[in-house]
Amino acid sequence: MLNVKLQDALNKQINAEFFSAYMYLSMSAHFSAVNLNGMAGWMREQAREELTHATKMYDYVHARGGTVTLTTIEAPQQKWNSPLDVFQHAYGHEQQVTAMINNLVDLAIAEKDHASHNMLQWYISEQVEEEETFSEVLEKIRMVNNDASGLLMINKEMALRQFTPPAK
Ligand SMILES: [Fe+2]
Ligand SMILES: [Fe+2]
């Protein structure tokens with residue numbers, strides 16, 4: 001049985017993962033509006049991935065006999081000044097998510113909840129991947145320094161991203 005402290009903290013994280021999905025979908029909408037459809041598609045795939053981060057934790061709470069409580073999802077930002085602005089925001093966001101996951105691990109250790117500690121290791125590795133992915137895109141966008149042809153090339157390359165949901 002999941003203890004109440006962990007349950008509350010995991011429910012908060014589930015909300016945060018849904019918020020991430022919502023925020024990346026908002027970034028996708030923004031890219032569609034400015035005709036950067038490759039970047040829009042890339043962000044849409046990222047939003048799909050975030051939904052699986054939320055539901056994986058949701059399933060875990062149930063598996064431990066806990067209660068999932070879904071709460072209001074905050075409205076995401078809707079406008080950004082440039083692709084650089086979007087990716088700086090996104091990278092910063094992933095760094096915050098990493099800090100949240102680290103705090104959850106600290107809590108699992110403090111509460112001697114080995115099962116939660118074990119489950120959270122998946123998220124620890126995932127955050128390494130997420131930060132790497134976002135910082136790579138950010139570095140590429142910095143490299144082209146708002147040059148239109150450079151951005152269009154990155155946009156074209158990013159159109160190729162396809163998210164495959166992990167096997168359960
Ligand atoms: Fe996530
Ligand atoms: Fe990922």
# chains A, B, ... in the order shown; residues from 1 in each chain; ligands from 1
$ residues_near_ligand --ligand "ligand 1" --cutoff "6 Å" --atoms "only C-alpha atoms and all ligand atoms" --output "PyMOL selection string"
chain A and resi 17+50+53
$ write_last_selection --atoms "C-alpha atoms" --output "CSV table (one decimal), in the first residue's frame"
chain,number,residue,atom,x,y,z
A,17,GLU,CA,3.3,15.4,-16.7
A,50,GLU,CA,4.3,13.3,-21.9
A,53,HIS,CA,4.8,9.7,-18.6
$ residues_near_ligand --ligand "ligand 2" --cutoff "10 Å" --atoms "only C-alpha atoms and all ligand atoms" --output "VMD selection string"
chain A and resid 46 49 to 50 52 to 53 123 125 to 134 163
$ select_by_dssp --residues "chain A" --states "alpha helix (DSSP H)" --output "ChimeraX atom specification"
/A:4-33,37-63,83-110,114-144,148-158
$ residues_around --residues "A:Leu104" --least-positions-apart "5" --cutoff "8 Å" --atoms "only C-alpha atoms" --output "PyMOL selection string"
chain A and resi 6+9-10+120
$ write_last_selection --atoms "C-alpha atoms" --output "tab-separated table (two decimals), in the first residue's frame"
chain	number	residue	atom	x	y	z
A	6	LEU	CA	4.03	9.48	-1.59
A	9	ALA	CA	3.48	13.67	-4.34
A	10	LEU	CA	2.90	11.19	-7.20
A	120	LEU	CA	11.17	6.40	-10.19
$ residues_around --residues "A:His117" --least-positions-apart "4" --cutoff "8 Å" --atoms "only C-alpha atoms" --output "number ranges by chain"
A: 105, 108-109, 113, 121
$ atom_distance --atom1 "atom CA of A:Phe18" --atom2 "atom CA of A:Glu111"
25.5 Å
$ residues_around --residues "A:Met158" --least-positions-apart "2" --cutoff "6 Å" --atoms "only C-alpha atoms" --output "list of chain:residue names"
A:Gly38, A:Met39, A:Trp42, A:Asn155, A:Lys156, A:Leu160, A:Arg161
$ closest_residue --among "A:Ser26, A:Thr55, A:Ser82, A:Gln77" --to "A:Gln13" --atoms "only C-alpha atoms"
A:Thr55
$ closest_residue --among "A:Arg142, A:Lys112, A:His93, A:Lys79" --to "A:Ala33" --atoms "only C-alpha atoms"
A:Lys79
$ residues_around --residues "A:Val144" --least-positions-apart "4" --cutoff "12 Å" --atoms "only C-alpha atoms" --output "list in words"
Pro83, Leu84, Val137, Leu138, Glu139, Lys140, Ala148, Ser149, Gly150, Leu151, Leu152, Met153, Ile154 and Asn155 of chain A
$ write_last_selection --atoms "N, CA and C atoms" --output "PDB file, in the first residue's frame"
ATOM      1  N   PRO A  83      11.694  30.514 -32.433  1.00  0.00           N
ATOM      2  CA  PRO A  83      11.972  29.106 -32.107  1.00  0.00           C
ATOM      3  C   PRO A  83      12.990  29.001 -30.963  1.00  0.00           C
ATOM      4  N   LEU A  84      13.947  29.916 -30.927  1.00  0.00           N
ATOM      5  CA  LEU A  84      14.939  29.906 -29.838  1.00  0.00           C
ATOM      6  C   LEU A  84      14.239  30.102 -28.491  1.00  0.00           C
ATOM      7  N   VAL A 137      18.484  20.161 -29.680  1.00  0.00           N
ATOM      8  CA  VAL A 137      17.707  21.031 -30.572  1.00  0.00           C
ATOM      9  C   VAL A 137      18.058  22.492 -30.296  1.00  0.00           C
ATOM     10  N   LEU A 138      18.115  22.829 -29.008  1.00  0.00           N
ATOM     11  CA  LEU A 138      18.443  24.206 -28.621  1.00  0.00           C
ATOM     12  C   LEU A 138      19.791  24.640 -29.196  1.00  0.00           C
ATOM     13  N   GLU A 139      20.783  23.769 -29.098  1.00  0.00           N
ATOM     14  CA  GLU A 139      22.118  24.104 -29.627  1.00  0.00           C
ATOM     15  C   GLU A 139      22.074  24.317 -31.139  1.00  0.00           C
ATOM     16  N   LYS A 140      21.322  23.472 -31.849  1.00  0.00           N
ATOM     17  CA  LYS A 140      21.205  23.626 -33.313  1.00  0.00           C
ATOM     18  C   LYS A 140      20.571  24.975 -33.647  1.00  0.00           C
ATOM     19  N   ALA A 148      16.993  32.275 -41.580  1.00  0.00           N
ATOM     20  CA  ALA A 148      15.782  31.597 -42.067  1.00  0.00           C
ATOM     21  C   ALA A 148      16.079  30.257 -42.727  1.00  0.00           C
ATOM     22  N   SER A 149      17.125  30.210 -43.571  1.00  0.00           N
ATOM     23  CA  SER A 149      17.361  28.938 -44.272  1.00  0.00           C
ATOM     24  C   SER A 149      17.818  27.861 -43.289  1.00  0.00           C
ATOM     25  N   GLY A 150      18.591  28.260 -42.289  1.00  0.00           N
ATOM     26  CA  GLY A 150      19.011  27.312 -41.243  1.00  0.00           C
ATOM     27  C   GLY A 150      17.810  26.778 -40.477  1.00  0.00           C
ATOM     28  N   LEU A 151      16.907  27.672 -40.117  1.00  0.00           N
ATOM     29  CA  LEU A 151      15.710  27.263 -39.366  1.00  0.00           C
ATOM     30  C   LEU A 151      14.835  26.325 -40.200  1.00  0.00           C
ATOM     31  N   LEU A 152      14.745  26.612 -41.502  1.00  0.00           N
ATOM     32  CA  LEU A 152      13.929  25.750 -42.369  1.00  0.00           C
ATOM     33  C   LEU A 152      14.542  24.352 -42.493  1.00  0.00           C
ATOM     34  N   MET A 153      15.875  24.300 -42.472  1.00  0.00           N
ATOM     35  CA  MET A 153      16.534  22.988 -42.515  1.00  0.00           C
ATOM     36  C   MET A 153      16.262  22.187 -41.246  1.00  0.00           C
ATOM     37  N   ILE A 154      16.367  22.858 -40.101  1.00  0.00           N
ATOM     38  CA  ILE A 154      16.086  22.200 -38.819  1.00  0.00           C
ATOM     39  C   ILE A 154      14.621  21.760 -38.762  1.00  0.00           C
ATOM     40  N   ASN A 155      13.761  22.654 -39.266  1.00  0.00           N
ATOM     41  CA  ASN A 155      12.324  22.364 -39.305  1.00  0.00           C
ATOM     42  C   ASN A 155      12.052  21.079 -40.102  1.00  0.00           C
TER      43      ASN A 155
END
